[in-house]
$ cat run-v2.cif   # mmCIF, C-alpha atoms and all ligand atoms
data_model
loop_
_atom_site.group_PDB
_atom_site.id
_atom_site.type_symbol
_atom_site.label_atom_id
_atom_site.label_comp_id
_atom_site.auth_asym_id
_atom_site.auth_seq_id
_atom_site.Cartn_x
_atom_site.Cartn_y
_atom_site.Cartn_z
ATOM 1 C CA MET A 1 22.941 34.330 -27.533
ATOM 2 C CA VAL A 2 25.034 31.649 -29.255
ATOM 3 C CA ASP A 3 23.060 28.501 -30.064
ATOM 4 C CA LEU A 4 24.872 25.606 -28.394
ATOM 5 C CA SER A 5 22.165 23.044 -29.035
ATOM 6 C CA THR A 6 23.250 19.664 -30.282
ATOM 7 C CA THR A 7 22.136 16.063 -30.503
ATOM 8 C CA TYR A 8 23.568 13.205 -28.490
ATOM 9 C CA MET A 9 22.405 9.609 -28.922
ATOM 10 C CA GLY A 10 19.414 11.039 -30.789
ATOM 11 C CA LEU A 11 18.524 13.286 -27.839
ATOM 12 C CA ARG A 12 18.127 16.991 -28.396
ATOM 13 C CA LEU A 13 20.278 18.949 -25.892
ATOM 14 C CA ASN A 14 20.265 22.716 -25.286
ATOM 15 C CA ASN A 15 24.039 22.515 -24.872
ATOM 16 C CA PRO A 16 26.606 19.708 -24.847
ATOM 17 C CA LEU A 17 27.295 19.786 -21.089
ATOM 18 C CA ILE A 18 26.205 16.509 -19.505
ATOM 19 C CA VAL A 19 26.644 16.035 -15.768
ATOM 20 C CA SER A 20 28.306 12.638 -15.271
ATOM 21 C CA SER A 21 26.988 9.981 -12.982
ATOM 22 C CA CYS A 22 27.974 11.075 -9.459
ATOM 23 C CA GLY A 23 26.671 12.248 -6.088
ATOM 24 C CA LEU A 24 25.162 15.378 -7.666
ATOM 25 C CA THR A 25 22.747 13.269 -9.669
ATOM 26 C CA GLN A 26 21.499 10.846 -7.036
ATOM 27 C CA THR A 27 18.525 12.898 -5.813
ATOM 28 C CA VAL A 28 15.698 14.788 -7.502
ATOM 29 C CA GLU A 29 16.909 17.960 -5.775
ATOM 30 C CA GLY A 30 20.427 17.419 -7.164
ATOM 31 C CA VAL A 31 19.075 16.868 -10.676
ATOM 32 C CA ARG A 32 16.949 20.026 -10.377
ATOM 33 C CA ARG A 33 20.008 22.032 -9.329
ATOM 34 C CA CYS A 34 22.035 20.667 -12.269
ATOM 35 C CA ALA A 35 19.243 21.692 -14.657
ATOM 36 C CA GLU A 36 18.992 25.151 -13.057
ATOM 37 C CA ALA A 37 22.752 25.567 -13.409
ATOM 38 C CA GLY A 38 22.351 25.007 -17.167
ATOM 39 C CA ALA A 39 23.237 21.328 -17.730
ATOM 40 C CA GLY A 40 22.221 19.990 -21.153
ATOM 41 C CA ALA A 41 21.435 16.559 -19.639
ATOM 42 C CA VAL A 42 22.260 14.494 -16.570
ATOM 43 C CA ILE A 43 23.381 10.926 -16.046
ATOM 44 C CA LEU A 44 21.908 9.626 -12.809
ATOM 45 C CA LYS A 45 24.119 8.023 -10.181
ATOM 46 C CA SER A 46 24.474 4.379 -11.180
ATOM 47 C CA ILE A 47 22.465 1.568 -9.702
ATOM 48 C CA PHE A 48 24.815 -1.306 -8.821
ATOM 49 C CA GLU A 49 23.439 -4.841 -8.797
ATOM 50 C CA GLU A 50 26.237 -6.172 -6.598
ATOM 51 C CA GLN A 51 25.671 -3.448 -3.990
ATOM 52 C CA ILE A 52 21.998 -4.405 -3.798
ATOM 53 C CA GLU A 53 23.025 -8.056 -3.334
ATOM 54 C CA ILE A 54 25.569 -7.227 -0.617
ATOM 55 C CA ASP A 55 23.037 -5.063 1.246
ATOM 56 C CA ALA A 56 20.334 -7.754 0.994
ATOM 57 C CA ASP A 57 22.753 -10.394 2.331
ATOM 58 C CA SER A 58 24.020 -8.275 5.203
ATOM 59 C CA PHE A 59 20.462 -7.317 6.112
ATOM 60 C CA SER A 60 19.342 -10.917 6.402
ATOM 61 C CA ALA A 61 22.570 -11.831 8.228
ATOM 62 C CA GLY A 62 21.966 -8.944 10.653
ATOM 63 C CA THR A 63 18.398 -9.960 11.410
ATOM 64 C CA GLY A 64 19.376 -13.588 11.896
ATOM 65 C CA THR A 65 16.728 -14.880 9.491
ATOM 66 C CA GLN A 66 19.191 -17.373 8.025
ATOM 67 C CA ALA A 67 19.490 -19.135 11.359
ATOM 68 C CA TRP A 68 16.010 -18.748 12.858
ATOM 69 C CA HIS A 69 13.602 -18.170 9.986
ATOM 70 C CA PRO A 70 15.105 -19.604 6.813
ATOM 71 C CA GLU A 71 11.635 -19.565 5.213
ATOM 72 C CA ALA A 72 11.515 -15.783 5.644
ATOM 73 C CA GLU A 73 14.977 -15.164 4.248
ATOM 74 C CA GLU A 74 14.081 -15.414 0.601
ATOM 75 C CA TYR A 75 11.083 -13.148 1.081
ATOM 76 C CA ILE A 76 13.059 -10.472 2.966
ATOM 77 C CA GLY A 77 15.906 -10.647 0.446
ATOM 78 C CA ARG A 78 13.541 -10.229 -2.491
ATOM 79 C CA PHE A 79 11.706 -7.407 -0.701
ATOM 80 C CA GLY A 80 14.981 -5.553 0.004
ATOM 81 C CA ARG A 81 16.198 -5.904 -3.575
ATOM 82 C CA GLU A 82 12.882 -4.776 -5.036
ATOM 83 C CA GLU A 83 12.777 -1.790 -2.704
ATOM 84 C CA ARG A 84 16.201 -0.578 -3.915
ATOM 85 C CA ILE A 85 15.277 -0.919 -7.584
ATOM 86 C CA GLU A 86 11.954 0.807 -6.954
ATOM 87 C CA LEU A 87 13.783 3.730 -5.298
ATOM 88 C CA TYR A 88 15.867 4.153 -8.453
ATOM 89 C CA LEU A 89 12.817 3.973 -10.718
ATOM 90 C CA ARG A 90 11.099 6.564 -8.520
ATOM 91 C CA LEU A 91 14.136 8.840 -8.896
ATOM 92 C CA ILE A 92 13.777 8.595 -12.686
ATOM 93 C CA ARG A 93 10.016 9.242 -12.638
ATOM 94 C CA GLU A 94 10.268 12.194 -10.264
ATOM 95 C CA ALA A 95 13.300 13.727 -11.999
ATOM 96 C CA LYS A 96 11.427 13.525 -15.309
ATOM 97 C CA LYS A 97 8.520 15.454 -13.767
ATOM 98 C CA GLU A 98 10.834 18.038 -12.214
ATOM 99 C CA VAL A 99 13.077 18.981 -15.164
ATOM 100 C CA SER A 100 12.793 19.166 -18.945
ATOM 101 C CA ILE A 101 16.371 18.148 -19.794
ATOM 102 C CA PRO A 102 17.060 14.507 -20.780
ATOM 103 C CA ILE A 103 17.593 12.067 -17.909
ATOM 104 C CA ILE A 104 20.015 9.247 -18.635
ATOM 105 C CA ALA A 105 20.021 6.271 -16.253
ATOM 106 C CA SER A 106 23.192 4.338 -15.450
ATOM 107 C CA VAL A 107 23.226 0.658 -14.595
ATOM 108 C CA HIS A 108 25.958 -1.660 -13.471
ATOM 109 C CA CYS A 109 25.110 -5.352 -13.273
ATOM 110 C CA VAL A 110 27.036 -8.528 -12.673
ATOM 111 C CA THR A 111 24.652 -11.185 -13.928
ATOM 112 C CA ALA A 112 23.454 -11.574 -17.509
ATOM 113 C CA GLY A 113 19.708 -11.484 -16.839
ATOM 114 C CA LYS A 114 19.841 -8.348 -14.694
ATOM 115 C CA TRP A 115 21.355 -6.156 -17.435
ATOM 116 C CA THR A 116 18.263 -6.592 -19.563
ATOM 117 C CA GLU A 117 15.855 -6.509 -16.611
ATOM 118 C CA PHE A 118 17.287 -3.231 -15.221
ATOM 119 C CA ALA A 119 17.487 -1.728 -18.720
ATOM 120 C CA SER A 120 13.863 -2.401 -19.566
ATOM 121 C CA ARG A 121 12.653 -1.236 -16.150
ATOM 122 C CA VAL A 122 14.501 2.115 -16.358
ATOM 123 C CA GLU A 123 13.123 2.549 -19.873
ATOM 124 C CA GLU A 124 9.582 1.943 -18.625
ATOM 125 C CA ALA A 125 10.178 4.454 -15.815
ATOM 126 C CA GLY A 126 10.844 7.102 -18.485
ATOM 127 C CA ALA A 127 14.646 7.383 -18.763
ATOM 128 C CA ASP A 128 15.657 9.080 -22.012
ATOM 129 C CA GLY A 129 18.840 7.048 -22.349
ATOM 130 C CA LEU A 130 20.941 4.444 -20.643
ATOM 131 C CA GLU A 131 24.608 4.332 -19.683
ATOM 132 C CA LEU A 132 25.949 0.808 -19.334
ATOM 133 C CA ASN A 133 28.620 0.764 -16.692
ATOM 134 C CA ALA A 134 30.443 -2.172 -18.186
ATOM 135 C CA PHE A 135 34.003 -3.209 -17.683
ATOM 136 C CA VAL A 136 35.780 -6.451 -18.323
ATOM 137 C CA LEU A 137 37.184 -8.318 -15.365
ATOM 138 C CA PRO A 138 40.356 -10.341 -15.837
ATOM 139 C CA SER A 139 38.618 -13.702 -15.495
ATOM 140 C CA ASP A 140 40.163 -15.774 -18.277
ATOM 141 C CA PRO A 141 41.689 -18.794 -16.452
ATOM 142 C CA ARG A 142 44.017 -19.487 -19.383
ATOM 143 C CA LEU A 143 45.918 -16.219 -18.820
ATOM 144 C CA ASP A 144 48.662 -15.879 -16.231
ATOM 145 C CA ALA A 145 48.914 -12.770 -14.001
ATOM 146 C CA LYS A 146 51.421 -11.030 -16.266
ATOM 147 C CA ALA A 147 49.249 -11.410 -19.357
ATOM 148 C CA SER A 148 46.138 -10.229 -17.455
ATOM 149 C CA ASP A 149 47.943 -7.168 -16.110
ATOM 150 C CA LYS A 150 49.034 -6.283 -19.610
ATOM 151 C CA ILE A 151 45.489 -6.291 -20.900
ATOM 152 C CA TYR A 152 43.644 -4.755 -17.990
ATOM 153 C CA PHE A 153 45.965 -2.668 -15.835
ATOM 154 C CA ASP A 154 48.740 -1.658 -18.139
ATOM 155 C CA ALA A 155 49.718 2.033 -18.136
ATOM 156 C CA LYS A 156 50.832 1.612 -21.744
ATOM 157 C CA SER A 157 47.344 0.413 -22.737
ATOM 158 C CA GLU A 158 45.852 3.452 -21.021
ATOM 159 C CA TYR A 159 48.273 5.670 -22.933
ATOM 160 C CA GLU A 160 47.212 4.044 -26.224
ATOM 161 C CA PHE A 161 43.565 4.541 -25.255
ATOM 162 C CA PHE A 162 44.110 8.268 -24.726
ATOM 163 C CA LYS A 163 46.023 8.530 -28.016
ATOM 164 C CA GLY A 164 42.971 7.047 -29.736
ATOM 165 C CA PHE A 165 40.784 9.498 -27.841
ATOM 166 C CA ARG A 166 42.889 12.400 -29.144
ATOM 167 C CA ARG A 167 42.590 11.098 -32.720
ATOM 168 C CA LEU A 168 38.819 10.896 -32.297
ATOM 169 C CA LEU A 169 38.710 14.549 -31.251
ATOM 170 C CA GLU A 170 40.839 15.869 -34.114
ATOM 171 C CA GLY A 171 39.080 18.761 -35.830
ATOM 172 C CA ARG A 172 36.344 18.814 -33.196
ATOM 173 C CA ALA A 173 35.758 20.942 -30.132
ATOM 174 C CA ALA A 174 35.398 18.924 -26.939
ATOM 175 C CA ILE A 175 34.748 20.105 -23.405
ATOM 176 C CA LEU A 176 36.364 17.951 -20.734
ATOM 177 C CA ILE A 177 35.317 18.451 -17.134
ATOM 178 C CA SER A 178 37.419 16.494 -14.711
ATOM 179 C CA HIS A 179 39.084 16.622 -11.332
ATOM 180 C CA ARG A 180 41.761 14.216 -12.591
ATOM 181 C CA PHE A 181 44.731 16.207 -13.746
ATOM 182 C CA SER A 182 45.984 13.497 -16.101
ATOM 183 C CA THR A 183 42.742 14.123 -18.042
ATOM 184 C CA VAL A 184 42.687 17.893 -17.557
ATOM 185 C CA ARG A 185 46.207 18.457 -18.905
ATOM 186 C CA MET A 186 45.204 17.031 -22.332
ATOM 187 C CA ALA A 187 43.073 20.110 -23.007
ATOM 188 C CA ASP A 188 44.459 22.930 -25.173
ATOM 189 C CA ARG A 189 42.824 25.447 -22.919
ATOM 190 C CA ILE A 190 42.108 24.924 -19.240
ATOM 191 C CA PHE A 191 39.754 27.005 -17.122
ATOM 192 C CA VAL A 192 39.925 27.000 -13.336
ATOM 193 C CA PHE A 193 36.607 27.690 -11.638
ATOM 194 C CA GLU A 194 36.426 29.002 -8.103
ATOM 195 C CA ASP A 195 33.172 30.035 -6.447
ATOM 196 C CA GLY A 196 31.433 30.070 -9.825
ATOM 197 C CA ARG A 197 34.032 32.366 -11.446
ATOM 198 C CA ILE A 198 36.890 31.619 -13.845
ATOM 199 C CA THR A 199 40.043 32.524 -11.972
ATOM 200 C CA GLU A 200 42.763 31.109 -14.260
ATOM 201 C CA SER A 201 42.913 30.040 -17.889
ATOM 202 C CA GLY A 202 45.561 28.859 -20.310
ATOM 203 C CA ALA A 203 47.402 25.752 -21.483
ATOM 204 C CA HIS A 204 48.837 23.351 -18.908
ATOM 205 C CA ASP A 205 52.421 24.689 -19.190
ATOM 206 C CA GLN A 206 51.240 28.295 -18.890
ATOM 207 C CA LEU A 207 49.234 27.544 -15.768
ATOM 208 C CA ILE A 208 52.146 25.677 -14.215
ATOM 209 C CA ARG A 209 54.374 28.702 -14.863
ATOM 210 C CA LEU A 210 51.704 30.954 -13.364
ATOM 211 C CA ASN A 211 52.167 28.965 -10.149
ATOM 212 C CA GLY A 212 48.626 29.669 -8.981
ATOM 213 C CA LYS A 213 45.737 27.446 -7.918
ATOM 214 C CA TYR A 214 46.044 25.068 -10.903
ATOM 215 C CA ALA A 215 49.782 24.550 -10.366
ATOM 216 C CA HIS A 216 49.195 23.980 -6.668
ATOM 217 C CA LEU A 217 46.437 21.383 -7.208
ATOM 218 C CA PHE A 218 48.334 19.682 -10.036
ATOM 219 C CA GLU A 219 51.411 19.282 -7.853
ATOM 220 C CA LYS A 220 49.293 17.906 -5.012
ATOM 221 C CA GLN A 221 47.855 15.165 -7.226
ATOM 222 C CA ALA A 222 51.056 14.500 -9.181
ATOM 223 C CA GLN A 223 53.176 13.948 -6.066
ATOM 224 C CA HIS A 224 51.691 10.450 -5.738
ATOM 225 C CA TYR A 225 53.043 9.524 -9.163
ATOM 226 C CA ARG A 226 56.630 10.640 -8.635
HETATM 227 C C1 LIG B 1 31.841 10.957 -6.004
HETATM 228 C C2 LIG B 1 31.766 10.318 -7.378
HETATM 229 C C3 LIG B 1 30.789 9.359 -7.613
HETATM 230 C C4 LIG B 1 30.725 8.736 -8.853
HETATM 231 N N1 LIG B 1 29.755 7.801 -9.086
HETATM 232 C C5 LIG B 1 29.680 7.224 -10.304
HETATM 233 C C6 LIG B 1 28.664 6.273 -10.587
HETATM 234 O O1 LIG B 1 27.831 5.934 -9.759
HETATM 235 N N2 LIG B 1 28.637 5.731 -11.832
HETATM 236 C C7 LIG B 1 29.538 6.081 -12.811
HETATM 237 O O2 LIG B 1 29.440 5.578 -13.934
HETATM 238 N N3 LIG B 1 30.498 6.979 -12.557
HETATM 239 C C8 LIG B 1 30.593 7.544 -11.346
HETATM 240 N N4 LIG B 1 31.567 8.474 -11.087
HETATM 241 C C9 LIG B 1 32.537 8.736 -12.130
HETATM 242 C C10 LIG B 1 32.259 10.037 -12.823
HETATM 243 O O3 LIG B 1 31.130 9.955 -13.600
HETATM 244 C C11 LIG B 1 33.550 10.262 -13.584
HETATM 245 O O4 LIG B 1 34.455 10.490 -12.599
HETATM 246 C C12 LIG B 1 33.555 11.414 -14.526
HETATM 247 O O5 LIG B 1 32.840 11.132 -15.627
HETATM 248 C C13 LIG B 1 34.968 11.673 -15.052
HETATM 249 O O6 LIG B 1 35.526 12.596 -14.268
HETATM 250 P P1 LIG B 1 36.951 12.395 -13.627
HETATM 251 O O7 LIG B 1 37.935 12.288 -14.757
HETATM 252 O O8 LIG B 1 37.090 13.641 -12.853
HETATM 253 O O9 LIG B 1 36.902 11.170 -12.750
HETATM 254 C C14 LIG B 1 31.644 9.098 -9.867
HETATM 255 C C15 LIG B 1 32.617 10.075 -9.602
HETATM 256 C C16 LIG B 1 32.689 10.686 -8.390
HETATM 257 C C17 LIG B 1 33.754 11.727 -8.154
#

$ encode --input "run-v2.cif" --output "structure tokens" --more "lines below"
Ligand SMILES: Cc1cc2nc3c(=O)[nH]c(=O)nc-3n(C[C@H](O)[C@H](O)[C@H](O)COP(=O)(O)O)c2cc1C
Amino acid sequence: MVDLSTTYMGLRLNNPLIVSSCGLTQTVEGVRRCAEAGAGAVILKSIFEEQIEIDADSFSAGTGTQAWHPEAEEYIGRFGREERIELYLRLIREAKKEVSIPIIASVHCVTAGKWTEFASRVEEAGADGLELNAFVLPSDPRLDAKASDKIYFDAKSEYEFFKGFRRLLEGRAAILISHRFSTVRMADRIFVFEDGRITESGAHDQLIRLNGKYAHLFEKQAQHYR
């Protein structure tokens, strides 16, 4: 069999397929199934600091502690937050016991201290790597809306980003797995999987001419952009 092993961030992978952070990777069972299906590594579903905060706030609002037991509110809030983080750390520990492929955690925080706290806690729990779910919010008060849009939401900037991405891949083989057709169409060769089998393959233009499943799905997604 062909040896597809490679290294990524210093991790040894049996093959370069890494399951992205998504619903498939939010339970131990899901991680086990990814490993059984041949994934080289998985990125766990992200833990979101702001979601934990929102849930803690709505929990205390729902129980009425703010109004009737303000002294209990801080305790309940802290307990709820800790419980959510502990669940994530348990997922890491149990996934590590269950599979031998690398487990990469994914964190998304909104306050400076939490980035480092979450990072060191997932490391202690045994994660082999860490994805930082960072993006820049348009928060510079000196910029007007037009200037912010240009930096953060501009289609031209996205186009330039993808051009850079193409340059990065020159002379290399890359496997893109995506349900977004704007990403898929960049590939020189596209494979359509249905029920675990490859049912169509070819370049974007060929598959459009074929007028099969790919063309049908592409048209469905593209209609929103026309
Ligand atoms: C249902 C779903 C849940 C996702 N959850 C996360 C997440 O928690 N953290 C993250 O970084 N990315 C998340 N993603 C983004 C995927 O990792 C990302 O879509 C993938 O890498 C790129 O595939 P795409 O081009 O098909 O979107 C999620 C995607 C889907 C479809």

$ closest_residue --input "run-v2.cif" --among "A:Thr116, A:Ser46, A:Gln221, A:Asn133" --to "Cys22 of chain A" --atoms "only C-alpha atoms"
A:Ser46

$ closest_atom_pairs --input "run-v2.cif" --of "chain A" --to "ligand LIG 1 (chain B)" --cutoff "9 Å" --atoms "all atoms listed in the file" --output "JSON lines"
{"residue": "A:Val19", "atom": "CA", "partner": "B:LIG1", "partner_atom": "O3", "distance": 7.9}
{"residue": "A:Ser20", "atom": "CA", "partner": "B:LIG1", "partner_atom": "O3", "distance": 4.2}
{"residue": "A:Ser21", "atom": "CA", "partner": "B:LIG1", "partner_atom": "O3", "distance": 4.2}
{"residue": "A:Cys22", "atom": "CA", "partner": "B:LIG1", "partner_atom": "C4", "distance": 3.7}
{"residue": "A:Gly23", "atom": "CA", "partner": "B:LIG1", "partner_atom": "C3", "distance": 5.3}
{"residue": "A:Leu24", "atom": "CA", "partner": "B:LIG1", "partner_atom": "C1", "distance": 8.2}
{"residue": "A:Thr25", "atom": "CA", "partner": "B:LIG1", "partner_atom": "N1", "distance": 8.9}
{"residue": "A:Gln26", "atom": "CA", "partner": "B:LIG1", "partner_atom": "O1", "distance": 8.5}
{"residue": "A:Ile43", "atom": "CA", "partner": "B:LIG1", "partner_atom": "O3", "distance": 8.2}
{"residue": "A:Leu44", "atom": "CA", "partner": "B:LIG1", "partner_atom": "O1", "distance": 7.6}
{"residue": "A:Lys45", "atom": "CA", "partner": "B:LIG1", "partner_atom": "O1", "distance": 4.3}
{"residue": "A:Ser46", "atom": "CA", "partner": "B:LIG1", "partner_atom": "O1", "distance": 4.0}
{"residue": "A:Ile47", "atom": "CA", "partner": "B:LIG1", "partner_atom": "O1", "distance": 6.9}
{"residue": "A:Phe48", "atom": "CA", "partner": "B:LIG1", "partner_atom": "O1", "distance": 7.9}
{"residue": "A:Ser106", "atom": "CA", "partner": "B:LIG1", "partner_atom": "O2", "distance": 6.5}
{"residue": "A:Val107", "atom": "CA", "partner": "B:LIG1", "partner_atom": "N2", "distance": 7.9}
{"residue": "A:His108", "atom": "CA", "partner": "B:LIG1", "partner_atom": "N2", "distance": 8.0}
{"residue": "A:Glu131", "atom": "CA", "partner": "B:LIG1", "partner_atom": "O2", "distance": 7.6}
{"residue": "A:Leu132", "atom": "CA", "partner": "B:LIG1", "partner_atom": "O2", "distance": 8.0}
{"residue": "A:Asn133", "atom": "CA", "partner": "B:LIG1", "partner_atom": "O2", "distance": 5.6}
{"residue": "A:Ala134", "atom": "CA", "partner": "B:LIG1", "partner_atom": "O2", "distance": 8.9}
{"residue": "A:Leu176", "atom": "CA", "partner": "B:LIG1", "partner_atom": "O7", "distance": 8.4}
{"residue": "A:Ile177", "atom": "CA", "partner": "B:LIG1", "partner_atom": "O6", "distance": 6.5}
{"residue": "A:Ser178", "atom": "CA", "partner": "B:LIG1", "partner_atom": "O8", "distance": 3.4}
{"residue": "A:His179", "atom": "CA", "partner": "B:LIG1", "partner_atom": "O8", "distance": 3.9}
{"residue": "A:Arg180", "atom": "CA", "partner": "B:LIG1", "partner_atom": "O8", "distance": 4.7}
{"residue": "A:Phe181", "atom": "CA", "partner": "B:LIG1", "partner_atom": "O7", "distance": 7.9}
{"residue": "A:Ser182", "atom": "CA", "partner": "B:LIG1", "partner_atom": "O7", "distance": 8.2}
{"residue": "A:Thr183", "atom": "CA", "partner": "B:LIG1", "partner_atom": "O7", "distance": 6.1}
{"residue": "A:Val184", "atom": "CA", "partner": "B:LIG1", "partner_atom": "O7", "distance": 7.9}

$ axis_aligned_box --input "run-v2.cif" --around "segment 180-187 of chain A" --padding-each-side "8 Å" --output "AutoDock Vina command-line options"
--center_x 44.0 --center_y 16.8 --center_z -17.8 --size_x 20.4 --size_y 22.6 --size_z 26.4

$ closest_residue --input "run-v2.cif" --among "A:Ser100, A:Gln51, A:Thr6, A:Asn15" --to "Ile85 of chain A" --atoms "only C-alpha atoms"
A:Gln51

$ residues_around --input "run-v2.cif" --residues "Ser5 of chain A" --least-positions-apart "5" --cutoff "7 Å" --atoms "all atoms listed in the file" --output "VMD selection string"
chain A and resid 13 to 16

$ atom_distance --input "run-v2.cif" --atom1 "atom CA of Cys109 of chain A" --atom2 "atom CA of Ala147 of chain A"
25.6 Å

$ atom_distance --input "run-v2.cif" --atom1 "atom CA of Ile101 of chain A" --atom2 "atom CA of Gly40 of chain A"
6.3 Å

$ residues_around --input "run-v2.cif" --residues "Leu91 of chain A" --least-positions-apart "2" --cutoff "8 Å" --atoms "only C-alpha atoms" --output "number ranges by chain"
A: 26-28, 87-89, 93-95

$ atom_distance --input "run-v2.cif" --atom1 "atom CA of Ala119 of chain A" --atom2 "atom CA of Gly38 of chain A"
27.2 Å

$ closest_residue --input "run-v2.cif" --among "A:Pro102, A:Pro138, A:Gly196, A:Gly171" --to "Val31 of chain A" --atoms "all atoms listed in the file"
A:Pro102

$ closest_residue --input "run-v2.cif" --among "A:Glu158, A:Lys114, A:Glu29, A:Glu200" --to "Lys97 of chain A" --atoms "only C-alpha atoms"
A:Glu29

$ closest_residue --input "run-v2.cif" --among "A:Glu170, A:Glu83, A:Glu98, A:Glu219" --to "Ala35 of chain A" --atoms "only C-alpha atoms"
A:Glu98

$ resolve_selection --input "run-v2.cif" --expression "the PyMOL selection byres (((chain A and resi 191) around 10) and not hetatm)" --output "list in words"
Ile177, Val184, Ala187, Arg189, Ile190, Val192, Phe193, Glu194, Arg197, Ile198, Thr199, Glu200, Ser201, Gly202, Ala203, His204, Leu207 and Tyr214 of chain A

$ closest_residue --input "run-v2.cif" --among "A:Arg12, A:Lys220, A:Lys213, A:Lys156" --to "Ile103 of chain A" --atoms "all atoms listed in the file"
A:Arg12
